[in-house]
$ cat upload-v1.cif   # mmCIF, C-alpha atoms
data_protein
loop_
_atom_site.label_atom_id
_atom_site.label_comp_id
_atom_site.auth_asym_id
_atom_site.auth_seq_id
_atom_site.Cartn_x
_atom_site.Cartn_y
_atom_site.Cartn_z
CA MET J 1225 -101.48 -10.00 -56.35
CA ARG J 1226 -100.07 -10.75 -52.92
CA ASP J 1227 -99.33 -7.80 -50.63
CA PRO J 1228 -99.50 -5.02 -53.26
CA HIS J 1229 -97.42 -1.93 -52.54
CA LEU J 1230 -97.90 1.55 -53.89
CA LEU J 1231 -94.42 2.54 -54.83
CA ALA J 1232 -92.94 5.94 -55.65
CA LEU J 1233 -89.82 5.62 -57.79
CA THR J 1234 -87.46 8.23 -59.20
CA VAL J 1235 -86.11 7.05 -62.53
CA ASN J 1236 -84.04 9.28 -64.81
CA ASP J 1237 -85.20 12.31 -62.78
CA SER J 1238 -88.89 11.50 -63.38
CA GLU J 1239 -91.29 10.48 -60.63
CA TYR J 1240 -93.37 7.35 -61.14
CA GLU J 1241 -96.05 5.72 -59.03
CA VAL J 1242 -96.78 2.05 -59.54
CA VAL J 1243 -98.56 -0.70 -57.66
CA VAL J 1244 -96.35 -3.75 -57.48
CA GLU J 1245 -95.98 -7.07 -55.76
CA PRO J 1246 -92.94 -7.07 -53.46
CA ARG J 1247 -91.46 -9.95 -55.43
CA ARG J 1248 -91.15 -7.77 -58.55
CA THR J 1249 -87.48 -7.04 -59.21
CA LEU J 1250 -86.36 -3.54 -60.11
CA ALA J 1251 -85.48 -4.86 -63.58
CA ASP J 1252 -89.02 -6.12 -64.14
CA VAL J 1253 -90.66 -2.95 -62.81
CA LEU J 1254 -88.52 -0.84 -65.13
CA ARG J 1255 -89.41 -2.98 -68.12
CA HIS J 1256 -92.99 -4.07 -67.52
CA ASP J 1257 -94.49 -1.32 -65.37
CA LEU J 1258 -92.54 1.74 -66.54
CA LEU J 1259 -92.01 0.42 -70.10
CA LEU J 1260 -88.34 1.40 -69.94
CA THR J 1261 -87.26 -1.63 -71.94
CA GLY J 1262 -83.71 -0.44 -72.52
CA THR J 1263 -82.65 -2.34 -69.42
CA HIS J 1264 -82.21 -5.96 -70.51
CA VAL J 1265 -82.64 -9.10 -68.46
CA GLY J 1266 -80.32 -12.04 -69.02
CA CYS J 1267 -79.61 -14.54 -66.29
CA GLU J 1268 -81.80 -13.20 -63.46
CA HIS J 1269 -79.32 -14.26 -60.81
CA GLY J 1270 -76.63 -11.63 -60.85
CA VAL J 1271 -74.06 -13.21 -63.14
CA CYS J 1272 -74.41 -11.60 -66.58
CA GLY J 1273 -74.87 -7.91 -65.72
CA ALA J 1274 -77.22 -7.18 -68.65
CA CYS J 1275 -79.64 -5.48 -66.23
CA THR J 1276 -77.05 -3.15 -64.66
CA VAL J 1277 -78.46 0.28 -63.72
CA LEU J 1278 -77.24 3.05 -61.42
CA LEU J 1279 -78.93 3.14 -58.03
CA ASP J 1280 -77.95 6.34 -56.23
CA GLU J 1281 -75.12 6.60 -58.77
CA ALA J 1282 -73.66 3.15 -57.92
CA PRO J 1283 -73.87 0.36 -60.50
CA VAL J 1284 -76.10 -2.50 -59.32
CA ARG J 1285 -77.76 -5.57 -60.84
CA ALA J 1286 -81.44 -4.61 -61.22
CA CYS J 1287 -82.35 -8.33 -61.02
CA LEU J 1288 -80.83 -8.43 -57.51
CA VAL J 1289 -82.86 -5.53 -56.12
CA PHE J 1290 -86.57 -5.72 -55.35
CA ALA J 1291 -88.27 -2.59 -56.63
CA VAL J 1292 -89.73 -1.96 -53.16
CA GLN J 1293 -86.15 -1.64 -51.88
CA ALA J 1294 -85.46 1.17 -54.34
CA GLU J 1295 -88.13 3.52 -52.98
CA GLY J 1296 -86.51 6.78 -51.97
CA SER J 1297 -83.46 6.12 -54.17
CA SER J 1298 -82.64 7.55 -57.55
CA VAL J 1299 -82.42 5.13 -60.48
CA ARG J 1300 -80.64 5.84 -63.76
CA THR J 1301 -81.12 3.61 -66.78
CA VAL J 1302 -79.69 3.55 -70.29
CA GLU J 1303 -82.58 5.78 -71.45
CA SER J 1304 -80.94 8.66 -69.56
CA LEU J 1305 -77.83 8.68 -71.73
CA ALA J 1306 -78.93 9.96 -75.14
CA ASP J 1307 -80.17 13.53 -75.37
CA HIS J 1308 -83.13 13.86 -77.77
CA GLY J 1309 -81.82 11.12 -80.00
CA GLU J 1310 -78.22 12.30 -79.89
CA LEU J 1311 -75.93 9.62 -78.54
CA SER J 1312 -73.88 10.35 -75.43
CA ASP J 1313 -70.09 10.38 -75.72
CA LEU J 1314 -69.92 6.86 -74.30
CA GLN J 1315 -72.60 5.52 -76.63
CA GLN J 1316 -70.87 7.15 -79.62
CA ALA J 1317 -67.58 5.56 -78.53
CA PHE J 1318 -69.23 2.12 -78.44
CA SER J 1319 -70.35 2.73 -82.02
CA ASP J 1320 -66.98 4.11 -83.15
CA HIS J 1321 -65.01 1.24 -81.61
CA HIS J 1322 -67.45 -1.52 -82.61
CA GLY J 1323 -68.14 -2.22 -78.93
CA LEU J 1324 -71.32 -4.10 -79.78
CA GLN J 1325 -72.57 -6.67 -82.23
CA CYS J 1326 -75.96 -8.04 -81.21
CA GLY J 1327 -76.29 -5.27 -78.62
CA PHE J 1328 -78.11 -7.29 -75.97
CA CYS J 1329 -75.47 -6.67 -73.28
CA THR J 1330 -74.84 -3.05 -74.30
CA PRO J 1331 -77.23 -1.22 -71.93
CA GLY J 1332 -75.69 -3.08 -69.00
CA PHE J 1333 -72.16 -2.32 -70.16
CA LEU J 1334 -72.98 1.36 -70.69
CA MET J 1335 -74.40 1.81 -67.20
CA LEU J 1336 -71.59 -0.24 -65.64
CA ALA J 1337 -69.04 1.90 -67.47
CA GLU J 1338 -70.76 5.11 -66.34
CA GLY J 1339 -70.59 3.82 -62.75
CA VAL J 1340 -66.93 2.84 -63.04
CA LEU J 1341 -65.90 6.14 -64.67
CA ALA J 1342 -67.87 8.24 -62.18
CA GLU J 1343 -65.94 6.62 -59.38
CA GLN J 1344 -62.57 6.34 -61.10
CA PRO J 1345 -62.32 9.14 -63.65
CA ASP J 1346 -58.58 8.45 -63.85
CA ALA J 1347 -59.03 4.72 -64.40
CA SER J 1348 -56.25 3.04 -66.36
CA ARG J 1349 -57.01 0.59 -69.14
CA GLU J 1350 -56.36 -2.27 -66.71
CA GLU J 1351 -58.69 -0.79 -64.10
CA ILE J 1352 -61.36 -0.35 -66.76
CA ARG J 1353 -60.90 -3.97 -67.80
CA GLU J 1354 -61.23 -5.10 -64.18
CA GLY J 1355 -64.39 -3.02 -63.71
CA LEU J 1356 -65.96 -4.28 -66.94
CA SER J 1357 -65.24 -7.89 -65.99
CA ALA J 1358 -68.50 -7.72 -64.01
CA ASN J 1359 -70.56 -8.14 -67.19
CA LEU J 1360 -70.76 -10.76 -69.93
CA CYS J 1361 -70.71 -10.19 -73.69
CA ARG J 1362 -70.95 -13.19 -76.00
CA CYS J 1363 -70.17 -11.37 -79.28
CA THR J 1364 -67.30 -8.94 -79.12
CA GLY J 1365 -64.55 -10.63 -77.14
CA TYR J 1366 -64.49 -7.53 -74.90
CA GLN J 1367 -61.46 -5.81 -76.49
CA THR J 1368 -63.60 -3.31 -78.35
CA ILE J 1369 -65.72 -2.59 -75.28
CA VAL J 1370 -62.58 -1.82 -73.28
CA ASP J 1371 -61.40 0.33 -76.20
CA ALA J 1372 -64.65 2.31 -76.19
CA VAL J 1373 -64.68 2.94 -72.45
CA HIS J 1374 -60.97 3.77 -72.37
CA ALA J 1375 -61.40 6.24 -75.24
CA THR J 1376 -64.30 7.88 -73.41
CA ALA J 1377 -62.28 8.12 -70.19
CA CYS J 1378 -59.37 9.73 -72.06
CA ALA J 1379 -61.65 12.18 -73.89
CA ARG J 1380 -63.40 13.19 -70.67
CA ARG J 1381 -60.05 13.73 -68.92
CA GLU J 1382 -58.88 15.82 -71.88
CA SER J 1383 -61.96 18.03 -71.83
CA ALA J 1384 -61.79 18.41 -68.03
CA SER J 1385 -58.21 19.67 -68.11
CA MET Z 561 -86.70 -17.26 -62.85
CA LYS Z 562 -88.94 -15.15 -60.66
CA PRO Z 563 -89.07 -15.42 -56.88
CA ALA Z 564 -92.09 -16.91 -55.11
CA ALA Z 565 -94.55 -14.43 -53.56
CA PHE Z 566 -93.83 -12.99 -50.13
CA THR Z 567 -95.02 -10.14 -47.95
CA TYR Z 568 -92.72 -7.17 -47.46
CA HIS Z 569 -92.06 -5.33 -44.21
CA ARG Z 570 -89.76 -2.38 -43.61
CA ALA Z 571 -87.89 -2.19 -40.33
CA HIS Z 572 -87.11 1.28 -39.05
CA ASP Z 573 -84.67 0.41 -36.29
CA VAL Z 574 -83.12 -2.71 -34.78
CA THR Z 575 -85.87 -3.14 -32.16
CA ASP Z 576 -88.45 -2.87 -34.91
CA ALA Z 577 -86.63 -5.54 -36.98
CA VAL Z 578 -86.45 -7.93 -34.02
CA GLY Z 579 -90.14 -7.30 -33.28
CA LEU Z 580 -91.17 -7.90 -36.90
CA LEU Z 581 -89.23 -11.19 -37.02
CA SER Z 582 -90.91 -12.39 -33.79
CA ASP Z 583 -94.41 -11.24 -34.76
CA LEU Z 584 -94.22 -12.76 -38.23
CA ALA Z 585 -92.87 -16.07 -36.88
CA ALA Z 586 -95.61 -16.12 -34.24
CA ALA Z 587 -98.18 -15.64 -37.03
CA GLY Z 588 -96.89 -18.78 -38.74
CA GLU Z 589 -94.80 -16.96 -41.33
CA ASP Z 590 -91.25 -17.86 -42.30
CA PRO Z 591 -89.59 -14.42 -42.26
CA LYS Z 592 -86.11 -13.61 -43.46
CA LEU Z 593 -84.05 -10.43 -43.24
CA ILE Z 594 -82.86 -8.71 -46.38
CA ALA Z 595 -80.11 -6.08 -46.46
CA GLY Z 596 -78.04 -5.94 -49.67
CA GLY Z 597 -79.74 -9.10 -50.91
CA GLN Z 598 -76.81 -10.15 -53.08
CA SER Z 599 -76.81 -13.72 -51.71
CA LEU Z 600 -80.49 -14.04 -50.82
CA MET Z 601 -81.93 -12.73 -54.08
CA PRO Z 602 -80.18 -15.20 -56.41
CA MET Z 603 -81.41 -17.99 -54.13
CA MET Z 604 -84.94 -16.56 -54.21
CA ASN Z 605 -84.85 -16.09 -57.99
CA PHE Z 606 -83.89 -19.77 -58.29
CA ARG Z 607 -86.53 -20.58 -55.64
CA LEU Z 608 -83.86 -22.32 -53.60
CA ALA Z 609 -85.10 -19.97 -50.88
CA ARG Z 610 -88.76 -19.01 -50.60
CA PRO Z 611 -89.35 -17.09 -47.38
CA SER Z 612 -93.01 -16.14 -46.93
CA ALA Z 613 -92.04 -12.70 -45.60
CA LEU Z 614 -89.06 -10.36 -45.96
CA VAL Z 615 -88.04 -7.79 -43.37
CA ASP Z 616 -86.04 -5.06 -45.12
CA LEU Z 617 -83.17 -3.52 -43.15
CA GLY Z 618 -82.65 -0.88 -45.86
CA PRO Z 619 -84.21 2.01 -43.89
CA LEU Z 620 -81.65 1.39 -41.10
CA ARG Z 621 -78.96 2.82 -43.39
CA ARG Z 622 -79.89 6.26 -42.06
CA LEU Z 623 -78.68 5.19 -38.58
CA PRO Z 624 -75.00 6.21 -38.46
CA SER Z 625 -73.91 3.19 -36.38
CA MET Z 626 -75.22 0.77 -39.03
CA THR Z 627 -72.95 2.15 -41.76
CA ALA Z 628 -69.96 3.17 -39.61
CA LEU Z 629 -66.43 1.81 -39.82
CA ASP Z 630 -64.62 2.63 -36.55
CA ALA Z 631 -61.04 1.73 -35.72
CA ASP Z 632 -60.18 2.03 -32.05
CA ALA Z 633 -57.45 0.47 -29.88
CA GLY Z 634 -56.83 -2.60 -31.98
CA THR Z 635 -60.46 -3.22 -32.86
CA LEU Z 636 -62.25 -2.45 -36.10
CA THR Z 637 -66.03 -2.17 -35.69
CA VAL Z 638 -68.07 -2.61 -38.84
CA GLY Z 639 -71.75 -1.60 -38.76
CA ALA Z 640 -74.16 -4.25 -39.98
CA LEU Z 641 -75.03 -2.42 -43.22
CA VAL Z 642 -71.49 -1.52 -44.28
CA THR Z 643 -71.00 -2.69 -47.88
CA HIS Z 644 -67.99 -4.50 -49.32
CA HIS Z 645 -67.34 -1.43 -51.44
CA ALA Z 646 -67.31 0.86 -48.40
CA VAL Z 647 -64.55 -1.32 -46.91
CA GLU Z 648 -62.71 -1.40 -50.25
CA THR Z 649 -62.54 2.38 -50.41
CA ALA Z 650 -61.99 3.07 -46.69
CA THR Z 651 -58.65 4.12 -45.24
CA LEU Z 652 -58.05 1.45 -42.61
CA PRO Z 653 -55.23 1.21 -40.06
CA ASP Z 654 -52.32 -1.11 -41.01
CA GLY Z 655 -53.68 -3.94 -38.89
CA PHE Z 656 -56.88 -4.10 -40.93
CA ALA Z 657 -55.70 -3.00 -44.37
CA VAL Z 658 -55.93 -6.64 -45.47
CA LEU Z 659 -59.71 -6.26 -45.40
CA ALA Z 660 -59.67 -3.48 -48.00
CA ARG Z 661 -57.16 -5.35 -50.17
CA ALA Z 662 -59.21 -8.54 -50.06
CA MET Z 663 -62.36 -6.83 -51.38
CA ARG Z 664 -61.27 -7.11 -55.01
CA TRP Z 665 -62.00 -10.83 -54.68
CA VAL Z 666 -65.61 -10.26 -53.56
CA GLY Z 667 -67.79 -10.57 -56.67
CA HIS Z 668 -67.66 -7.50 -58.89
CA LEU Z 669 -68.26 -3.79 -58.33
CA PRO Z 670 -72.09 -3.97 -58.69
CA ILE Z 671 -72.21 -6.78 -56.12
CA ARG Z 672 -69.80 -4.98 -53.80
CA SER Z 673 -71.81 -1.75 -54.08
CA ARG Z 674 -74.82 -3.42 -52.53
CA GLY Z 675 -73.75 -6.52 -50.60
CA THR Z 676 -72.94 -6.17 -46.90
CA VAL Z 677 -70.20 -7.55 -44.66
CA ALA Z 678 -72.65 -8.84 -42.06
CA GLY Z 679 -74.90 -10.37 -44.71
CA SER Z 680 -72.01 -12.32 -46.16
CA LEU Z 681 -71.04 -13.65 -42.71
CA VAL Z 682 -74.60 -14.69 -41.86
CA HIS Z 683 -75.02 -16.35 -45.26
CA GLY Z 684 -71.97 -18.44 -44.31
CA ASP Z 685 -70.72 -19.62 -47.71
CA ALA Z 686 -67.64 -21.77 -47.08
CA THR Z 687 -65.64 -19.85 -49.70
CA ALA Z 688 -66.85 -16.33 -48.85
CA GLU Z 689 -63.90 -14.02 -48.30
CA TRP Z 690 -65.53 -12.42 -45.25
CA CYS Z 691 -65.93 -15.81 -43.57
CA LEU Z 692 -62.20 -16.45 -43.94
CA LEU Z 693 -61.33 -12.93 -42.80
CA ALA Z 694 -63.58 -13.35 -39.73
CA LEU Z 695 -61.55 -16.37 -38.62
CA LEU Z 696 -58.27 -14.67 -39.54
CA LEU Z 697 -58.92 -11.52 -37.50
CA ASP Z 698 -60.99 -12.97 -34.62
CA ALA Z 699 -64.26 -11.34 -35.56
CA VAL Z 700 -67.08 -11.10 -33.05
CA VAL Z 701 -70.59 -10.91 -34.48
CA VAL Z 702 -72.90 -8.87 -32.25
CA THR Z 703 -76.59 -9.76 -32.58
CA GLU Z 704 -79.80 -8.53 -31.05
CA GLY Z 705 -82.74 -10.85 -30.49
CA PRO Z 706 -85.83 -11.17 -28.32
CA SER Z 707 -83.66 -11.98 -25.28
CA GLY Z 708 -81.23 -9.13 -25.85
CA ARG Z 709 -77.73 -8.75 -27.22
CA ARG Z 710 -75.14 -11.47 -27.53
CA GLU Z 711 -71.69 -11.80 -29.01
CA ILE Z 712 -70.70 -14.73 -31.21
CA PRO Z 713 -66.97 -15.28 -31.77
CA ALA Z 714 -66.00 -16.31 -35.31
CA ASP Z 715 -64.78 -19.73 -34.19
CA GLU Z 716 -68.33 -20.55 -33.01
CA LEU Z 717 -70.09 -18.91 -35.95
CA PHE Z 718 -69.86 -21.38 -38.83
CA HIS Z 719 -71.78 -24.64 -38.63
CA GLY Z 720 -71.24 -25.63 -42.26
CA PHE Z 721 -73.31 -25.60 -45.50
CA TYR Z 722 -74.72 -22.07 -45.14
CA ALA Z 723 -75.57 -22.62 -41.46
CA THR Z 724 -74.38 -20.16 -38.83
CA ALA Z 725 -74.89 -19.63 -35.10
CA VAL Z 726 -77.03 -16.55 -35.79
CA GLU Z 727 -80.61 -17.56 -34.95
CA PRO Z 728 -83.55 -16.80 -37.28
CA ASP Z 729 -84.96 -14.33 -34.74
CA GLU Z 730 -81.73 -12.37 -34.39
CA VAL Z 731 -80.47 -9.27 -36.21
CA VAL Z 732 -76.75 -8.59 -36.61
CA VAL Z 733 -75.93 -5.15 -35.22
CA GLU Z 734 -72.21 -4.97 -35.84
CA VAL Z 735 -69.10 -7.06 -36.47
CA ARG Z 736 -65.91 -6.40 -34.49
CA PHE Z 737 -62.54 -7.51 -35.79
CA THR Z 738 -60.32 -7.86 -32.74
CA ARG Z 739 -57.00 -9.23 -33.99
CA PRO Z 740 -55.06 -6.70 -36.08
CA ALA Z 741 -52.70 -8.32 -38.59
CA PRO Z 742 -50.37 -5.92 -40.39
CA HIS Z 743 -48.82 -8.86 -42.26
CA ALA Z 744 -51.80 -10.59 -43.81
CA ALA Z 745 -53.17 -11.47 -47.23
CA LEU Z 746 -55.93 -13.39 -48.98
CA SER Z 747 -55.45 -15.30 -52.20
CA GLU Z 748 -57.93 -17.34 -54.21
CA PHE Z 749 -58.65 -19.14 -57.42
CA ALA Z 750 -61.89 -19.15 -59.41
CA ARG Z 751 -62.44 -20.04 -63.05
CA ARG Z 752 -63.42 -16.43 -63.73
CA HIS Z 753 -62.39 -13.49 -61.56
CA GLY Z 754 -65.32 -12.54 -59.31
CA ASP Z 755 -66.93 -15.99 -59.31
CA PHE Z 756 -67.15 -18.10 -56.18
CA ALA Z 757 -63.68 -19.35 -55.29
CA ILE Z 758 -62.87 -23.02 -55.77
CA VAL Z 759 -60.36 -22.63 -52.94
CA ASP Z 760 -59.29 -19.50 -51.07
CA ALA Z 761 -56.64 -19.02 -48.43
CA ALA Z 762 -56.04 -16.25 -45.89
CA VAL Z 763 -52.80 -15.97 -43.96
CA ALA Z 764 -51.61 -13.70 -41.14
CA LEU Z 765 -47.96 -13.75 -40.10
CA ASP Z 766 -46.85 -12.71 -36.62
CA VAL Z 767 -43.54 -11.07 -37.34
CA SER Z 768 -40.98 -10.50 -34.62
CA GLY Z 769 -37.92 -8.59 -35.77
CA ASP Z 770 -36.99 -10.23 -39.06
CA ARG Z 771 -38.47 -13.60 -38.17
CA VAL Z 772 -41.88 -15.19 -38.40
CA ALA Z 773 -42.94 -16.29 -34.92
CA GLY Z 774 -46.47 -17.55 -35.49
CA GLY Z 775 -49.61 -16.82 -37.42
CA ARG Z 776 -52.92 -17.97 -38.79
CA VAL Z 777 -53.85 -20.05 -41.82
CA VAL Z 778 -57.52 -20.11 -42.89
CA LEU Z 779 -58.97 -22.01 -45.85
CA GLY Z 780 -62.25 -21.87 -47.75
CA GLY Z 781 -63.60 -24.41 -50.21
CA VAL Z 782 -61.98 -27.42 -48.56
CA ALA Z 783 -64.70 -28.28 -46.02
CA PRO Z 784 -68.40 -27.44 -45.43
CA ALA Z 785 -67.31 -24.36 -43.46
CA PRO Z 786 -64.20 -22.16 -43.57
CA VAL Z 787 -61.49 -23.68 -41.37
CA ARG Z 788 -58.29 -22.77 -39.58
CA VAL Z 789 -55.48 -25.25 -40.15
CA PRO Z 790 -53.63 -25.90 -36.86
CA GLU Z 791 -51.05 -28.11 -38.58
CA ALA Z 792 -49.99 -25.24 -40.84
CA GLU Z 793 -50.13 -22.73 -37.99
CA ALA Z 794 -47.77 -25.01 -36.01
CA VAL Z 795 -45.17 -24.62 -38.74
CA LEU Z 796 -45.49 -20.84 -38.44
CA ALA Z 797 -45.31 -21.05 -34.65
CA ALA Z 798 -42.06 -23.04 -34.89
CA GLY Z 799 -40.74 -19.93 -36.56
CA GLY Z 800 -38.21 -19.14 -39.21
CA ALA Z 801 -37.03 -16.55 -41.67
CA PRO Z 802 -39.82 -15.38 -43.97
CA GLY Z 803 -39.14 -16.82 -47.40
CA PRO Z 804 -40.00 -19.52 -49.93
CA GLU Z 805 -38.64 -22.35 -47.76
CA LEU Z 806 -40.81 -21.57 -44.72
CA PHE Z 807 -43.84 -20.74 -46.86
CA ALA Z 808 -43.54 -24.02 -48.81
CA ALA Z 809 -43.45 -25.91 -45.50
CA VAL Z 810 -46.59 -24.09 -44.32
CA ALA Z 811 -48.31 -24.81 -47.64
CA ASP Z 812 -47.34 -28.50 -47.55
CA ALA Z 813 -48.63 -28.82 -43.99
CA ALA Z 814 -51.94 -27.20 -44.97
CA ALA Z 815 -52.35 -29.41 -48.03
CA ALA Z 816 -51.57 -32.54 -46.00
CA ALA Z 817 -53.97 -31.65 -43.18
CA ILE Z 818 -57.16 -31.21 -45.20
CA ASP Z 819 -59.59 -33.72 -46.67
CA PRO Z 820 -61.23 -31.63 -49.39
CA PRO Z 821 -64.49 -32.66 -51.09
CA ASP Z 822 -64.62 -34.36 -54.47
CA ASP Z 823 -67.22 -33.34 -57.00
CA PRO Z 824 -67.66 -33.89 -60.73
CA GLN Z 825 -66.19 -30.48 -61.56
CA VAL Z 826 -63.31 -30.31 -59.11
CA THR Z 827 -61.45 -33.29 -57.67
CA SER Z 828 -60.20 -33.51 -54.14
CA ALA Z 829 -56.62 -33.77 -55.41
CA TYR Z 830 -57.02 -30.54 -57.38
CA ARG Z 831 -58.32 -28.66 -54.34
CA ARG Z 832 -55.30 -29.95 -52.42
CA ARG Z 833 -52.94 -28.65 -55.10
CA LEU Z 834 -54.71 -25.30 -55.14
CA THR Z 835 -54.40 -25.15 -51.37
CA ARG Z 836 -50.64 -25.62 -51.57
CA THR Z 837 -50.26 -22.92 -54.22
CA LEU Z 838 -52.60 -20.41 -52.58
CA VAL Z 839 -51.23 -20.77 -49.04
CA ALA Z 840 -47.69 -20.20 -50.31
CA ASP Z 841 -48.90 -17.21 -52.35
CA ALA Z 842 -50.81 -15.69 -49.42
CA CYS Z 843 -47.74 -16.16 -47.16
CA ALA Z 844 -45.51 -14.38 -49.67
CA GLN Z 845 -47.99 -11.51 -50.04
CA ALA Z 846 -48.43 -11.27 -46.27
CA ALA Z 847 -44.67 -11.07 -45.77
CA GLY Z 848 -44.62 -8.14 -48.19
CA GLY Z 849 -47.16 -6.14 -46.12
CA PRO Z 850 -48.08 -3.67 -44.82
CA ARG Z 851 -48.48 -1.96 -48.15
#
$ encode --input "upload-v1.cif" --output "structure tokens"
Amino acid sequence: MRDPHLLALTVNDSEYEVVVEPRRTLADVLRHDLLLTGTHVGCEHGVCGACTVLLDEAPVRACLVFAVQAEGSSVRTVESLADHGELSDLQQAFSDHHGLQCGFCTPGFLMLAEGVLAEQPDASREEIREGLSANLCRCTGYQTIVDAVHATACARRESAS
Amino acid sequence: MKPAAFTYHRAHDVTDAVGLLSDLAAAGEDPKLIAGGQSLMPMMNFRLARPSALVDLGPLRRLPSMTALDADAGTLTVGALVTHHAVETATLPDGFAVLARAMRWVGHLPIRSRGTVAGSLVHGDATAEWCLLALLLDAVVVTEGPSGRREIPADELFHGFYATAVEPDEVVVEVRFTRPAPHAALSEFARRHGDFAIVDAAVALDVSGDRVAGGRVVLGGVAPAPVRVPEAEAVLAAGGAPGPELFAAVADAAAAAIDPPDDPQVTSAYRRRLTRTLVADACAQAAGGPR
């Protein structure tokens, strides 16, 4: 291991300490060192968005962040969404609207959608579509994913008012 | 793929970053700076880039000047770690509002959340929106190196094919945009929104009364570096009423002046056609501003 670093990471409000090579991406540390395998890895060069997580509440590609760069930041992954096995509203909406088939891209879409909705709680369907265009899905044709996120946005607005 | 091994060094201020770059180079290393990493990391994951050491500018985010956006007397100063998304969501004066509007073309939200303005300029991709905007609004890149500070005007910055005038031992401190353009727009075409543009065009119109009396035309994707097109700017300088006739003449002049590259995916003729369409579109949008 070249230039090992002892790294303190905050993931889903838990503190972790790991020894990693600097070249280890955040995606790989989450999966291989912390065994949080919900975050998926597709293209490894920032195109597909399967590895999207929230870094200090902003959606980022975990394959385009070295884990050593994330020290001192707060990371949220798809594992943070469900509460003791009960799906979150967004996850339930993906199920209700058939927003997944094979499911490989789903963790990335969920975290991207959480990032988009946190920033634009009043997002229109078109704004949601533009935000979701960051990620690739090869199964659904996207319509049902937009449906799921739009339904979640509307439900959250309803319950906030 | 996974990046090649490197050693990792955190810089705590600009002097520290400059010192680390010098010390590592003196020790025979091949150091590179990383900020947002949204251009460097894909290249490292592909092993197109394999620096032996990275100097992380991340800790400098706690210095207010590095993340500040300051508008003052016709100049917009952008700290070196300001992200695309920070510009997108900032309230900018009319003369610089084009910067915020153009951000929707820069990758996607996750890229914009992390990538930096200065990083994009130093990377020097010939289609990068920031490179075009730097030429459009007379940006000045301020760097610090072992021999002190220097200022690099945008028209001396781009040397082509990812090469810029910023030296390997220099750190960008801030970028100043010095030419406000209330009537300006950027337009581009990519196969998929958020991908690298095949061609992009940025236009600023100098409007006097109800007439166009000059302006700038900048193109990306038609040469190894982003370029201004004097032939098209001459048409604007000759003046006229803003409208489809003038804008078509500007677009024709731009398309005639360039000698775009030919590759198996995109022919030279197609880039020329895109140039005509995009310049006319950017002119029309610019004439509609400020919005």
$ closest_atom_pairs --input "upload-v1.cif" --of "chain J" --to "chain Z" --cutoff "9 Å" --atoms "all atoms listed in the file" --output "Markdown table"
| residue | atom | partner | partner_atom | distance |
| --- | --- | --- | --- | --- |
| J:Met1225 | CA | Z:Ala565 | CA | 8.7 |
| J:Arg1226 | CA | Z:Ala565 | CA | 6.7 |
| J:Asp1227 | CA | Z:Thr567 | CA | 5.6 |
| J:Pro1228 | CA | Z:Thr567 | CA | 8.6 |
| J:His1229 | CA | Z:Tyr568 | CA | 8.7 |
| J:Glu1245 | CA | Z:Ala565 | CA | 7.8 |
| J:Pro1246 | CA | Z:Tyr568 | CA | 6.0 |
| J:Arg1247 | CA | Z:Ala565 | CA | 5.8 |
| J:Arg1248 | CA | Z:Lys562 | CA | 8.0 |
| J:Thr1249 | CA | Z:Lys562 | CA | 8.4 |
| J:Cys1267 | CA | Z:Met561 | CA | 8.3 |
| J:Glu1268 | CA | Z:Met561 | CA | 6.4 |
| J:His1269 | CA | Z:Pro602 | CA | 4.6 |
| J:Gly1270 | CA | Z:Pro602 | CA | 6.7 |
| J:Val1271 | CA | Z:Asp755 | CA | 8.6 |
| J:Gly1273 | CA | Z:Pro670 | CA | 8.5 |
| J:Thr1276 | CA | Z:Pro670 | CA | 7.8 |
| J:Ala1282 | CA | Z:Ser673 | CA | 6.5 |
| J:Pro1283 | CA | Z:Pro670 | CA | 5.0 |
| J:Val1284 | CA | Z:Pro670 | CA | 4.3 |
| J:Arg1285 | CA | Z:Pro670 | CA | 6.3 |
| J:Cys1287 | CA | Z:Met601 | CA | 8.2 |
| J:Leu1288 | CA | Z:Met601 | CA | 5.6 |
| J:Val1289 | CA | Z:Gly597 | CA | 7.0 |
| J:Phe1290 | CA | Z:Met601 | CA | 8.5 |
| J:Val1292 | CA | Z:Tyr568 | CA | 8.3 |
| J:Gln1293 | CA | Z:Gly618 | CA | 7.0 |
| J:Leu1336 | CA | Z:Pro670 | CA | 7.9 |
| J:Gly1339 | CA | Z:Pro670 | CA | 8.9 |
| J:Val1340 | CA | Z:Leu669 | CA | 8.2 |
| J:Glu1354 | CA | Z:His668 | CA | 8.7 |
| J:Gly1355 | CA | Z:Leu669 | CA | 6.7 |
| J:Leu1356 | CA | Z:His668 | CA | 8.8 |
| J:Ser1357 | CA | Z:His668 | CA | 7.5 |
| J:Ala1358 | CA | Z:His668 | CA | 5.2 |
| J:Asn1359 | CA | Z:His668 | CA | 8.8 |
$ resolve_selection --input "upload-v1.cif" --expression "the PyMOL selection byres ((chain J and resi 1281) around 9)" --output "PyMOL selection string"
chain J and resi 1277-1280+1282-1283+1298-1300+1338-1339+1342
$ resolve_selection --input "upload-v1.cif" --expression "the PyMOL selection byres ((chain J and resi 1242) around 12)" --output "ChimeraX atom specification"
/J:1228-1234,1239-1241,1243-1246,1248,1250,1253-1254,1256-1259,1291-1292,1295
$ resolve_selection --input "upload-v1.cif" --expression "the PyMOL selection byres ((chain J and resi 1236) around 6)" --output "PDB file with C-alpha atoms, in the frame of the given file"
ATOM      1  CA  VAL J1235     -86.110   7.050 -62.530  1.00  0.00           C
ATOM      2  CA  ASP J1237     -85.200  12.310 -62.780  1.00  0.00           C
ATOM      3  CA  SER J1238     -88.890  11.500 -63.380  1.00  0.00           C
ATOM      4  CA  ARG J1300     -80.640   5.840 -63.760  1.00  0.00           C
ATOM      5  CA  SER J1304     -80.940   8.660 -69.560  1.00  0.00           C
TER       6      SER J1304
END
